[in-house]
$ cat structure03.cif   # mmCIF, C-alpha atoms
data_target
loop_
_atom_site.group_PDB
_atom_site.id
_atom_site.type_symbol
_atom_site.label_atom_id
_atom_site.label_comp_id
_atom_site.auth_asym_id
_atom_site.auth_seq_id
_atom_site.Cartn_x
_atom_site.Cartn_y
_atom_site.Cartn_z
ATOM 1 C CA MET A 153 0.000 0.000 0.000
ATOM 2 C CA GLU A 154 2.936 2.329 0.536
ATOM 3 C CA VAL A 155 3.840 2.035 -3.138
ATOM 4 C CA PHE A 156 0.217 2.670 -4.110
ATOM 5 C CA ALA A 157 0.133 5.779 -1.908
ATOM 6 C CA GLN A 158 3.289 7.109 -3.564
ATOM 7 C CA PHE A 159 1.829 6.627 -7.042
ATOM 8 C CA LEU A 160 -1.355 8.355 -5.848
ATOM 9 C CA VAL A 161 0.627 11.402 -4.717
ATOM 10 C CA ASN A 162 2.462 11.457 -8.056
ATOM 11 C CA GLY A 163 -0.935 11.246 -9.764
ATOM 12 C CA ILE A 164 -2.213 14.250 -7.827
ATOM 13 C CA VAL A 165 0.792 16.263 -8.998
ATOM 14 C CA ALA A 166 0.329 15.198 -12.635
ATOM 15 C CA GLY A 167 -3.444 15.607 -12.416
ATOM 16 C CA SER A 168 -3.072 19.174 -11.191
ATOM 17 C CA VAL A 169 -1.168 20.100 -14.345
ATOM 18 C CA TYR A 170 -3.494 18.069 -16.597
ATOM 19 C CA ALA A 171 -6.388 19.982 -15.058
ATOM 20 C CA LEU A 172 -4.816 23.303 -16.069
ATOM 21 C CA ILE A 173 -4.184 22.090 -19.625
ATOM 22 C CA ALA A 174 -7.728 20.739 -19.981
ATOM 23 C CA LEU A 175 -9.104 23.934 -18.427
ATOM 24 C CA GLY A 176 -7.408 26.101 -21.044
ATOM 25 C CA PHE A 177 -8.382 23.791 -23.891
ATOM 26 C CA ALA A 178 -12.018 23.638 -22.782
ATOM 27 C CA LEU A 179 -12.175 27.402 -22.242
ATOM 28 C CA ILE A 180 -11.154 27.981 -25.851
ATOM 29 C CA PHE A 181 -13.547 25.314 -27.125
ATOM 30 C CA THR A 182 -16.574 26.620 -25.225
ATOM 31 C CA ALA A 183 -16.026 30.193 -26.423
ATOM 32 C CA SER A 184 -15.095 29.451 -30.046
ATOM 33 C CA ARG A 185 -16.438 25.911 -30.692
ATOM 34 C CA VAL A 186 -13.073 25.098 -32.263
ATOM 35 C CA PHE A 187 -11.155 21.923 -31.451
ATOM 36 C CA HIS A 188 -7.919 23.858 -31.062
ATOM 37 C CA PHE A 189 -5.418 21.067 -31.723
ATOM 38 C CA ALA A 190 -2.765 23.744 -32.309
ATOM 39 C CA HIS A 191 -2.953 24.183 -28.527
ATOM 40 C CA GLY A 192 -0.356 21.389 -28.424
ATOM 41 C CA ALA A 193 1.998 23.455 -30.579
ATOM 42 C CA VAL A 194 1.459 26.462 -28.311
ATOM 43 C CA TYR A 195 2.420 24.215 -25.404
ATOM 44 C CA THR A 196 5.606 23.034 -27.123
ATOM 45 C CA LEU A 197 6.796 26.431 -28.315
ATOM 46 C CA SER A 198 6.105 28.049 -24.948
ATOM 47 C CA ALA A 199 8.115 25.314 -23.198
ATOM 48 C CA PHE A 200 11.137 25.934 -25.423
ATOM 49 C CA SER A 201 10.760 29.674 -25.026
ATOM 50 C CA GLY A 202 10.798 29.202 -21.255
ATOM 51 C CA TYR A 203 13.826 26.901 -21.587
ATOM 52 C CA THR A 204 15.689 29.559 -23.578
ATOM 53 C CA ALA A 205 14.979 32.240 -20.987
ATOM 54 C CA LEU A 206 15.734 30.004 -17.997
ATOM 55 C CA VAL A 207 18.689 27.898 -19.150
ATOM 56 C CA VAL A 208 20.251 29.616 -22.161
ATOM 57 C CA LEU A 209 19.857 33.253 -21.072
ATOM 58 C CA GLY A 210 19.957 32.566 -17.340
ATOM 59 C CA LEU A 211 16.982 34.776 -16.518
ATOM 60 C CA GLY A 212 15.829 32.643 -13.605
ATOM 61 C CA THR A 213 12.581 30.833 -12.888
ATOM 62 C CA PHE A 214 10.444 33.963 -13.089
ATOM 63 C CA GLY A 215 11.978 34.881 -16.440
ATOM 64 C CA GLY A 216 11.362 31.374 -17.748
ATOM 65 C CA PHE A 217 7.716 31.384 -16.742
ATOM 66 C CA LEU A 218 7.203 34.901 -18.106
ATOM 67 C CA ALA A 219 8.753 33.977 -21.470
ATOM 68 C CA ALA A 220 6.609 30.828 -21.705
ATOM 69 C CA ILE A 221 3.388 32.662 -20.848
ATOM 70 C CA VAL A 222 4.025 35.600 -23.207
ATOM 71 C CA THR A 223 4.946 33.236 -26.058
ATOM 72 C CA ALA A 224 1.837 31.129 -25.481
ATOM 73 C CA VAL A 225 -0.536 34.111 -25.316
ATOM 74 C CA VAL A 226 0.908 35.812 -28.412
ATOM 75 C CA LEU A 227 0.862 32.590 -30.449
ATOM 76 C CA GLY A 228 -2.659 31.649 -29.323
ATOM 77 C CA LEU A 229 -4.024 35.095 -30.176
ATOM 78 C CA ALA A 230 -2.235 35.082 -33.541
ATOM 79 C CA ILE A 231 -3.649 31.674 -34.499
ATOM 80 C CA ASN A 232 -7.180 32.769 -33.692
ATOM 81 C CA ARG A 233 -6.848 36.164 -35.405
ATOM 82 C CA LEU A 234 -5.090 34.943 -38.543
ATOM 83 C CA PHE A 235 -6.847 31.610 -39.096
ATOM 84 C CA TYR A 236 -9.947 30.850 -37.030
ATOM 85 C CA GLU A 237 -11.700 34.217 -37.239
ATOM 86 C CA PRO A 238 -11.330 34.538 -41.054
ATOM 87 C CA MET A 239 -12.620 30.991 -41.477
ATOM 88 C CA ARG A 240 -15.553 31.783 -39.201
ATOM 89 C CA GLU A 241 -16.400 34.817 -41.341
ATOM 90 C CA LEU A 242 -16.250 32.671 -44.471
ATOM 91 C CA GLY A 243 -18.661 30.176 -42.925
ATOM 92 C CA VAL A 244 -16.183 27.295 -43.046
ATOM 93 C CA SER A 245 -17.368 24.182 -41.216
ATOM 94 C CA SER A 246 -15.977 23.293 -37.807
ATOM 95 C CA PHE A 247 -14.570 20.047 -39.236
ATOM 96 C CA VAL A 248 -12.439 21.921 -41.788
ATOM 97 C CA THR A 249 -11.274 24.303 -39.070
ATOM 98 C CA MET A 250 -10.290 21.305 -36.949
ATOM 99 C CA ILE A 251 -8.198 19.908 -39.832
ATOM 100 C CA LEU A 252 -6.551 23.302 -40.239
ATOM 101 C CA SER A 253 -5.752 23.342 -36.533
ATOM 102 C CA PHE A 254 -4.170 19.908 -36.753
ATOM 103 C CA GLY A 255 -2.068 21.137 -39.680
ATOM 104 C CA LEU A 256 -0.903 24.105 -37.617
ATOM 105 C CA LEU A 257 0.052 21.707 -34.823
ATOM 106 C CA ILE A 258 2.320 19.762 -37.182
ATOM 107 C CA ILE A 259 3.843 22.835 -38.868
ATOM 108 C CA ILE A 260 4.619 24.766 -35.672
ATOM 109 C CA THR A 261 5.939 21.635 -33.965
ATOM 110 C CA HIS A 262 8.383 20.961 -36.785
ATOM 111 C CA LEU A 263 9.449 24.612 -36.951
ATOM 112 C CA THR A 264 10.226 24.311 -33.244
ATOM 113 C CA ALA A 265 12.380 21.251 -34.000
ATOM 114 C CA ILE A 266 14.250 23.182 -36.707
ATOM 115 C CA VAL A 267 15.119 25.968 -34.257
ATOM 116 C CA TRP A 268 15.894 23.956 -31.106
ATOM 117 C CA GLY A 269 16.697 20.543 -32.559
ATOM 118 C CA THR A 270 15.016 17.158 -32.216
ATOM 119 C CA ASN A 271 16.827 15.976 -29.099
ATOM 120 C CA PRO A 272 15.254 16.425 -25.651
ATOM 121 C CA VAL A 273 16.702 19.267 -23.583
ATOM 122 C CA VAL A 274 17.117 19.464 -19.816
ATOM 123 C CA LEU A 275 14.993 22.131 -18.158
ATOM 124 C CA TRP A 276 15.904 21.204 -14.603
ATOM 125 C CA ARG A 277 18.416 18.704 -13.206
ATOM 126 C CA GLY A 278 16.894 18.139 -9.776
ATOM 127 C CA GLY A 279 19.076 17.782 -6.746
ATOM 128 C CA GLN A 280 16.768 19.467 -4.250
ATOM 129 C CA GLU A 281 16.105 18.096 -0.794
ATOM 130 C CA THR A 282 13.154 15.727 -0.504
ATOM 131 C CA VAL A 283 10.343 16.555 1.896
ATOM 132 C CA HIS A 284 8.943 13.546 3.785
ATOM 133 C CA ALA A 285 5.227 13.752 4.475
ATOM 134 C CA LEU A 286 2.603 11.277 5.649
ATOM 135 C CA GLY A 287 5.130 8.712 6.768
ATOM 136 C CA PRO A 288 6.802 6.830 3.900
ATOM 137 C CA ILE A 289 5.343 8.997 1.116
ATOM 138 C CA ARG A 290 7.987 11.158 -0.552
ATOM 139 C CA ILE A 291 7.148 14.485 -2.152
ATOM 140 C CA THR A 292 9.509 17.270 -3.145
ATOM 141 C CA GLY A 293 9.082 20.942 -2.452
ATOM 142 C CA ARG A 294 8.908 21.474 -6.197
ATOM 143 C CA GLN A 295 5.937 19.097 -6.478
ATOM 144 C CA ILE A 296 4.188 20.860 -3.604
ATOM 145 C CA GLY A 297 4.724 24.143 -5.461
ATOM 146 C CA ILE A 298 3.246 22.668 -8.652
ATOM 147 C CA VAL A 299 0.073 21.538 -6.888
ATOM 148 C CA ALA A 300 -0.217 24.832 -4.984
ATOM 149 C CA LEU A 301 0.200 26.977 -8.114
ATOM 150 C CA ALA A 302 -2.273 24.849 -10.084
ATOM 151 C CA ALA A 303 -4.808 25.112 -7.256
ATOM 152 C CA LEU A 304 -4.286 28.876 -6.989
ATOM 153 C CA LEU A 305 -4.834 29.364 -10.720
ATOM 154 C CA GLY A 306 -7.904 27.120 -10.667
ATOM 155 C CA VAL A 307 -9.510 29.010 -7.790
ATOM 156 C CA GLY A 308 -8.617 32.337 -9.402
ATOM 157 C CA LEU A 309 -10.289 31.360 -12.653
ATOM 158 C CA TRP A 310 -13.342 30.067 -10.810
ATOM 159 C CA ALA A 311 -13.676 33.437 -9.079
ATOM 160 C CA PHE A 312 -13.141 35.270 -12.382
ATOM 161 C CA PHE A 313 -15.964 33.382 -14.070
ATOM 162 C CA ARG A 314 -18.271 33.727 -11.080
ATOM 163 C CA PHE A 315 -17.827 37.311 -9.972
ATOM 164 C CA PHE A 316 -16.323 39.416 -12.793
ATOM 165 C CA ARG A 317 -18.253 40.848 -15.722
ATOM 166 C CA LEU A 318 -15.815 39.596 -18.355
ATOM 167 C CA GLY A 319 -15.905 36.114 -16.888
ATOM 168 C CA ILE A 320 -19.705 36.095 -16.767
ATOM 169 C CA ALA A 321 -19.781 37.331 -20.374
ATOM 170 C CA LEU A 322 -17.509 34.467 -21.421
ATOM 171 C CA ARG A 323 -19.848 32.011 -19.709
ATOM 172 C CA ALA A 324 -22.786 33.504 -21.585
ATOM 173 C CA LEU A 325 -20.914 33.269 -24.895
ATOM 174 C CA GLY A 326 -20.200 29.610 -24.266
ATOM 175 C CA ASN A 327 -23.825 28.892 -23.389
ATOM 176 C CA ASP A 328 -25.299 30.525 -26.500
ATOM 177 C CA SER A 329 -22.997 32.455 -28.843
ATOM 178 C CA ASP A 330 -25.806 33.533 -31.179
ATOM 179 C CA LEU A 331 -27.867 34.976 -28.347
ATOM 180 C CA ALA A 332 -24.794 36.658 -26.905
ATOM 181 C CA GLN A 333 -24.218 38.479 -30.195
ATOM 182 C CA ILE A 334 -27.895 39.419 -30.514
ATOM 183 C CA VAL A 335 -27.837 41.162 -27.136
ATOM 184 C CA GLY A 336 -24.745 43.104 -28.122
ATOM 185 C CA MET A 337 -21.867 41.186 -26.526
ATOM 186 C CA PRO A 338 -18.521 41.651 -28.329
ATOM 187 C CA ALA A 339 -18.233 37.991 -29.300
ATOM 188 C CA ARG A 340 -15.026 38.383 -31.269
ATOM 189 C CA ALA A 341 -13.243 40.205 -28.443
ATOM 190 C CA LEU A 342 -14.477 37.600 -25.964
ATOM 191 C CA ARG A 343 -13.145 34.802 -28.141
ATOM 192 C CA GLN A 344 -9.784 36.561 -28.209
ATOM 193 C CA LEU A 345 -9.908 36.759 -24.418
ATOM 194 C CA SER A 346 -10.595 33.027 -24.215
ATOM 195 C CA PHE A 347 -7.559 32.331 -26.400
ATOM 196 C CA ALA A 348 -5.402 34.609 -24.257
ATOM 197 C CA LEU A 349 -6.478 32.928 -21.018
ATOM 198 C CA GLY A 350 -6.393 29.383 -22.391
ATOM 199 C CA SER A 351 -2.995 29.876 -24.003
ATOM 200 C CA GLY A 352 -1.585 31.498 -20.876
ATOM 201 C CA LEU A 353 -2.648 28.457 -18.875
ATOM 202 C CA VAL A 354 -0.926 26.082 -21.265
ATOM 203 C CA GLY A 355 2.242 28.195 -21.060
ATOM 204 C CA VAL A 356 2.261 27.806 -17.278
ATOM 205 C CA SER A 357 1.494 24.087 -17.628
ATOM 206 C CA ALA A 358 4.413 23.560 -20.016
ATOM 207 C CA MET A 359 6.854 24.939 -17.473
ATOM 208 C CA LEU A 360 5.276 23.007 -14.591
ATOM 209 C CA ILE A 361 5.551 19.700 -16.448
ATOM 210 C CA GLY A 362 9.098 20.573 -17.480
ATOM 211 C CA PHE A 363 10.043 21.167 -13.848
ATOM 212 C CA ASN A 364 8.278 17.985 -12.757
ATOM 213 C CA VAL A 365 9.863 15.594 -15.265
ATOM 214 C CA GLY A 366 13.059 17.585 -15.886
ATOM 215 C CA ILE A 367 13.147 17.487 -19.704
ATOM 216 C CA ILE A 368 11.200 18.807 -22.701
ATOM 217 C CA ASP A 369 11.174 17.703 -26.335
ATOM 218 C CA PHE A 370 9.578 18.903 -29.544
ATOM 219 C CA ASN A 371 7.075 15.999 -29.738
ATOM 220 C CA MET A 372 5.488 16.525 -26.338
ATOM 221 C CA GLY A 373 2.669 18.695 -27.667
ATOM 222 C CA PHE A 374 1.055 15.735 -29.446
ATOM 223 C CA ASP A 375 0.607 13.752 -26.226
ATOM 224 C CA VAL A 376 -0.568 16.837 -24.357
ATOM 225 C CA ILE A 377 -3.300 17.737 -26.826
ATOM 226 C CA LEU A 378 -4.537 14.140 -26.868
ATOM 227 C CA MET A 379 -4.700 14.171 -23.068
ATOM 228 C CA ALA A 380 -6.492 17.531 -23.090
ATOM 229 C CA THR A 381 -9.071 16.229 -25.554
ATOM 230 C CA VAL A 382 -9.635 13.038 -23.576
ATOM 231 C CA ALA A 383 -9.864 14.985 -20.306
ATOM 232 C CA MET A 384 -12.393 17.438 -21.737
ATOM 233 C CA ILE A 385 -14.614 14.659 -23.073
ATOM 234 C CA ILE A 386 -14.509 12.404 -20.006
ATOM 235 C CA GLY A 387 -15.060 15.408 -17.743
ATOM 236 C CA GLY A 388 -17.944 16.811 -19.734
ATOM 237 C CA LEU A 389 -17.788 18.349 -23.210
ATOM 238 C CA GLY A 390 -18.505 22.079 -23.162
ATOM 239 C CA ASN A 391 -18.148 22.392 -19.383
ATOM 240 C CA VAL A 392 -14.923 24.108 -18.348
ATOM 241 C CA SER A 393 -14.908 23.050 -14.697
ATOM 242 C CA ALA A 394 -15.794 19.486 -15.663
ATOM 243 C CA ALA A 395 -12.864 19.400 -18.097
ATOM 244 C CA ALA A 396 -10.506 20.411 -15.298
ATOM 245 C CA GLY A 397 -11.971 17.624 -13.161
ATOM 246 C CA GLY A 398 -11.475 15.203 -16.041
ATOM 247 C CA GLY A 399 -7.819 16.212 -16.322
ATOM 248 C CA PHE A 400 -7.298 15.699 -12.608
ATOM 249 C CA VAL A 401 -8.916 12.255 -12.667
ATOM 250 C CA LEU A 402 -6.961 11.251 -15.765
ATOM 251 C CA GLY A 403 -3.630 12.225 -14.200
ATOM 252 C CA ILE A 404 -4.381 10.222 -11.062
ATOM 253 C CA ILE A 405 -5.527 7.126 -12.967
ATOM 254 C CA GLN A 406 -2.519 7.184 -15.286
ATOM 255 C CA ASN A 407 -0.045 7.367 -12.419
ATOM 256 C CA VAL A 408 -1.789 4.932 -10.095
ATOM 257 C CA ALA A 409 -1.927 2.460 -12.994
ATOM 258 C CA LEU A 410 1.891 2.487 -13.052
ATOM 259 C CA TRP A 411 1.659 0.437 -9.864
ATOM 260 C CA LYS A 412 0.633 -2.536 -12.004
ATOM 261 C CA ILE A 413 1.289 -1.742 -15.682
ATOM 262 C CA ASP A 414 4.158 -0.392 -17.764
ATOM 263 C CA SER A 415 4.206 3.321 -18.624
ATOM 264 C CA LYS A 416 4.053 2.530 -22.363
ATOM 265 C CA TRP A 417 0.397 1.556 -21.865
ATOM 266 C CA GLN A 418 -0.631 4.920 -20.396
ATOM 267 C CA MET A 419 -2.000 6.291 -23.656
ATOM 268 C CA ALA A 420 -3.989 3.116 -24.372
ATOM 269 C CA LEU A 421 -5.375 3.242 -20.836
ATOM 270 C CA SER A 422 -6.479 6.862 -21.320
ATOM 271 C CA PHE A 423 -8.449 6.024 -24.441
ATOM 272 C CA ALA A 424 -9.910 2.927 -22.810
ATOM 273 C CA ILE A 425 -11.277 5.214 -20.090
ATOM 274 C CA LEU A 426 -12.613 7.541 -22.775
ATOM 275 C CA ILE A 427 -14.462 4.689 -24.500
ATOM 276 C CA LEU A 428 -15.993 3.491 -21.233
ATOM 277 C CA VAL A 429 -17.181 6.997 -20.367
ATOM 278 C CA LEU A 430 -18.704 7.468 -23.834
ATOM 279 C CA LEU A 431 -20.491 4.120 -23.527
ATOM 280 C CA PHE A 432 -21.882 4.509 -20.019
ATOM 281 C CA ARG A 433 -21.974 8.266 -19.396
ATOM 282 C CA PRO A 434 -21.821 10.224 -22.684
ATOM 283 C CA SER A 435 -22.339 13.536 -20.869
ATOM 284 C CA GLY A 436 -19.046 13.026 -19.022
ATOM 285 C CA LEU A 437 -18.162 12.208 -15.440
ATOM 286 C CA PHE A 438 -18.985 15.698 -14.209
ATOM 287 C CA GLY A 439 -21.118 17.010 -17.064
ATOM 288 C CA GLU A 440 -24.849 17.503 -17.292
ATOM 289 C CA ARG A 441 -27.193 16.270 -19.975
ATOM 290 C CA GLN A 442 -27.062 19.624 -21.715
ATOM 291 C CA SER A 443 -23.572 21.031 -21.709
ATOM 292 C CA ALA A 444 -22.958 24.519 -20.438
ATOM 293 C CA VAL A 445 -20.005 26.539 -19.274
ATOM 294 C CA GLY A 446 -20.994 25.876 -15.700
ATOM 295 C CA LEU A 447 -18.033 27.208 -13.797
#

$ encode --input "structure03.cif" --output "C-alpha cells"
Amino acid sequence: MEVFAQFLVNGIVAGSVYALIALGFALIFTASRVFHFAHGAVYTLSAFSGYTALVVLGLGTFGGFLAAIVTAVVLGLAINRLFYEPMRELGVSSFVTMILSFGLLIIITHLTAIVWGTNPVVLWRGGQETVHALGPIRITGRQIGIVALAALLGVGLWAFFRFFRLGIALRALGNDSDLAQIVGMPARALRQLSFALGSGLVGVSAMLIGFNVGIIDFNMGFDVILMATVAMIIGGLGNVSAAAGGGFVLGIIQNVALWKIDSKWQMALSFAILILVLLFRPSGLFGERQSAVGL
C-alpha cells in the first residue's frame, strides 16, 4: 500500500497540471467551438521559449515562466486572429477548421524542431532536498509548489468566471454564442480573451511539467493535446470546470496504474477510459445532460 500511496501522490501532482491544460483547452472550445489542436503546438513552443529564458539566457525561474506565458498568449491570439476568425467569417465548417488546426500543430511543432533541434533538452536537473510527508510517502518541495500553483490558478479562474463581468460574459458566450451576439456582446473580443487565457494556462502548464519531469522535447505537444481532448470529453464536453476535473482524474488514474502496468500503456489506458465513459456516461463524469459553461 505504501507504493500505491506514492503513485497516488504522483498522480495528484500530474493531475493538477493536466487539469490546467484541460481547463485552457475547454475554455477555448466553449467560447469558439473550435477543437484547437494547435494548442499542443502552443504548449511546445512556450516550453522551449521558457527553456531559452531560464537555461540559455539565465533569466531565472520567473523569467522562464514569463517567457513561456508571453509566447503562449501571443501565439494563441495570432492563431485565432489569422486563421480561425477569417474561417468563421467565411462560414467554413468546424470540421475543416479542426483539420486546419491539426495542420498548424504539425507545422509549428516541426518549426520548433528546426530551431531547437530534435533531441530532448534538460529544463531542470533536480538535486533538491526531498520533503517527507505522511510517513513513507515522498514528495519534493517542487511538487508541492506545482500543486499549490495549479490550485491557486484554478480558484482564481473560478472566481473570475463567477464574480467578474468579463468572466460572466464568457460564460454567456459559451452557453449561447448567437444569443450573446444578438444582445450586443462583443463575441469576437471575448473569443480573443478566451484564447489569451487558455494559451496562458498552457504556457504555465508547459513549465510546470518541465520542472516535474526535468526534460522537454519537440514531440510533447502531441501527447498533451490528446490528453487535453480526452480529459475534456470524459469530464464533460462544453463544461470548463468538468474538463478540469477530467484532467485531474486522468492524471491520477494514469499514475496509479503504473503500480501494475508499464508506462508505455498509459495512452492506451487513457483512451480505454474515454471509450468506457462514452459508452456509459456520454455527458461526461462531471457534465450535465445539456452542456454549459458551468463554472

$ atom_distance --input "structure03.cif" --atom1 "CA of Lys412 (chain A)" --atom2 "CA of Val365 (chain A)"
20.6 Å

$ resolve_selection --input "structure03.cif" --expression "the PyMOL selection byres ((chain A and resi 426) around 10)" --output "ChimeraX atom specification"
/A:381-387,402,420-425,427-431,433-434,436

$ atom_distance --input "structure03.cif" --atom1 "CA of Gly397 (chain A)" --atom2 "CA of Leu437 (chain A)"
8.5 Å

$ resolve_selection --input "structure03.cif" --expression "the PyMOL selection byres ((chain A and resi 306) around 10)" --output "list in words"
Ser168, Ala171, Leu172, Leu175, Ala300, Leu301, Ala302, Ala303, Leu304, Leu305, Val307, Gly308, Leu309, Trp310, Ala311, Phe312, Leu353, Ser393 and Ala396 of chain A

$ closest_residue --input "structure03.cif" --among "A:Ala395, A:Arg340, A:Phe156, A:Ser357" --to "Glu241 (chain A)" --atoms "all atoms listed in the file"
A:Arg340

$ atom_distance --input "structure03.cif" --atom1 "CA of Ser246 (chain A)" --atom2 "CA of Phe187 (chain A)"
8.1 Å

$ closest_residue --input "structure03.cif" --among "A:Thr249, A:Ala219, A:Phe316, A:Phe181" --to "Leu206 (chain A)" --atoms "only C-alpha atoms"
A:Ala219

$ resolve_selection --input "structure03.cif" --expression "the PyMOL selection byres ((chain A and resi 157) around 10)" --output "ChimeraX atom specification"
/A:153-156,158-163,286,288-290,408,411

$ closest_residue --input "structure03.cif" --among "A:Gly373, A:Gly388, A:Gly398, A:Gly228" --to "Phe200 (chain A)" --atoms "only C-alpha atoms"
A:Gly373

$ build_atoms --input "structure03.cif" --residues "region 352-371 of chain A" --atoms "N, CA and C atoms" --output "PDB file, in the frame of the given file"
ATOM      1  N   GLY A 352      -2.397  31.197 -22.043  1.00  0.00           N
ATOM      2  CA  GLY A 352      -1.585  31.498 -20.876  1.00  0.00           C
ATOM      3  C   GLY A 352      -1.501  30.315 -19.926  1.00  0.00           C
ATOM      4  N   LEU A 353      -2.631  29.633 -19.747  1.00  0.00           N
ATOM      5  CA  LEU A 353      -2.648  28.457 -18.875  1.00  0.00           C
ATOM      6  C   LEU A 353      -1.749  27.353 -19.405  1.00  0.00           C
ATOM      7  N   VAL A 354      -1.757  27.162 -20.716  1.00  0.00           N
ATOM      8  CA  VAL A 354      -0.926  26.082 -21.265  1.00  0.00           C
ATOM      9  C   VAL A 354       0.546  26.455 -21.195  1.00  0.00           C
ATOM     10  N   GLY A 355       0.863  27.762 -21.238  1.00  0.00           N
ATOM     11  CA  GLY A 355       2.242  28.195 -21.060  1.00  0.00           C
ATOM     12  C   GLY A 355       2.747  27.878 -19.660  1.00  0.00           C
ATOM     13  N   VAL A 356       1.910  28.160 -18.658  1.00  0.00           N
ATOM     14  CA  VAL A 356       2.261  27.806 -17.278  1.00  0.00           C
ATOM     15  C   VAL A 356       2.414  26.292 -17.141  1.00  0.00           C
ATOM     16  N   SER A 357       1.480  25.551 -17.731  1.00  0.00           N
ATOM     17  CA  SER A 357       1.494  24.087 -17.628  1.00  0.00           C
ATOM     18  C   SER A 357       2.758  23.493 -18.244  1.00  0.00           C
ATOM     19  N   ALA A 358       3.210  24.068 -19.361  1.00  0.00           N
ATOM     20  CA  ALA A 358       4.413  23.560 -20.016  1.00  0.00           C
ATOM     21  C   ALA A 358       5.619  23.657 -19.093  1.00  0.00           C
ATOM     22  N   MET A 359       5.730  24.776 -18.398  1.00  0.00           N
ATOM     23  CA  MET A 359       6.854  24.939 -17.473  1.00  0.00           C
ATOM     24  C   MET A 359       6.709  24.018 -16.256  1.00  0.00           C
ATOM     25  N   LEU A 360       5.490  23.871 -15.750  1.00  0.00           N
ATOM     26  CA  LEU A 360       5.276  23.007 -14.591  1.00  0.00           C
ATOM     27  C   LEU A 360       5.640  21.561 -14.903  1.00  0.00           C
ATOM     28  N   ILE A 361       5.203  21.074 -16.067  1.00  0.00           N
ATOM     29  CA  ILE A 361       5.551  19.700 -16.448  1.00  0.00           C
ATOM     30  C   ILE A 361       7.050  19.566 -16.668  1.00  0.00           C
ATOM     31  N   GLY A 362       7.652  20.595 -17.281  1.00  0.00           N
ATOM     32  CA  GLY A 362       9.098  20.573 -17.480  1.00  0.00           C
ATOM     33  C   GLY A 362       9.853  20.481 -16.167  1.00  0.00           C
ATOM     34  N   PHE A 363       9.401  21.234 -15.161  1.00  0.00           N
ATOM     35  CA  PHE A 363      10.043  21.167 -13.848  1.00  0.00           C
ATOM     36  C   PHE A 363       9.787  19.830 -13.164  1.00  0.00           C
ATOM     37  N   ASN A 364       8.625  19.244 -13.416  1.00  0.00           N
ATOM     38  CA  ASN A 364       8.278  17.985 -12.757  1.00  0.00           C
ATOM     39  C   ASN A 364       9.080  16.805 -13.318  1.00  0.00           C
ATOM     40  N   VAL A 365       9.167  16.730 -14.650  1.00  0.00           N
ATOM     41  CA  VAL A 365       9.863  15.594 -15.265  1.00  0.00           C
ATOM     42  C   VAL A 365      11.313  15.908 -15.603  1.00  0.00           C
ATOM     43  N   GLY A 366      11.668  17.196 -15.682  1.00  0.00           N
ATOM     44  CA  GLY A 366      13.059  17.585 -15.886  1.00  0.00           C
ATOM     45  C   GLY A 366      13.470  17.868 -17.312  1.00  0.00           C
ATOM     46  N   ILE A 367      12.759  17.296 -18.304  1.00  0.00           N
ATOM     47  CA  ILE A 367      13.147  17.487 -19.704  1.00  0.00           C
ATOM     48  C   ILE A 367      11.942  17.897 -20.550  1.00  0.00           C
ATOM     49  N   ILE A 368      12.233  18.488 -21.714  1.00  0.00           N
ATOM     50  CA  ILE A 368      11.200  18.807 -22.701  1.00  0.00           C
ATOM     51  C   ILE A 368      11.702  18.370 -24.076  1.00  0.00           C
ATOM     52  N   ASP A 369      10.791  18.044 -24.974  1.00  0.00           N
ATOM     53  CA  ASP A 369      11.174  17.703 -26.335  1.00  0.00           C
ATOM     54  C   ASP A 369      10.100  18.175 -27.305  1.00  0.00           C
ATOM     55  N   PHE A 370      10.447  18.251 -28.578  1.00  0.00           N
ATOM     56  CA  PHE A 370       9.578  18.903 -29.544  1.00  0.00           C
ATOM     57  C   PHE A 370       8.304  18.107 -29.834  1.00  0.00           C
ATOM     58  N   ASN A 371       8.255  16.826 -29.469  1.00  0.00           N
ATOM     59  CA  ASN A 371       7.075  15.999 -29.738  1.00  0.00           C
ATOM     60  C   ASN A 371       6.043  16.017 -28.621  1.00  0.00           C
TER      61      ASN A 371
END
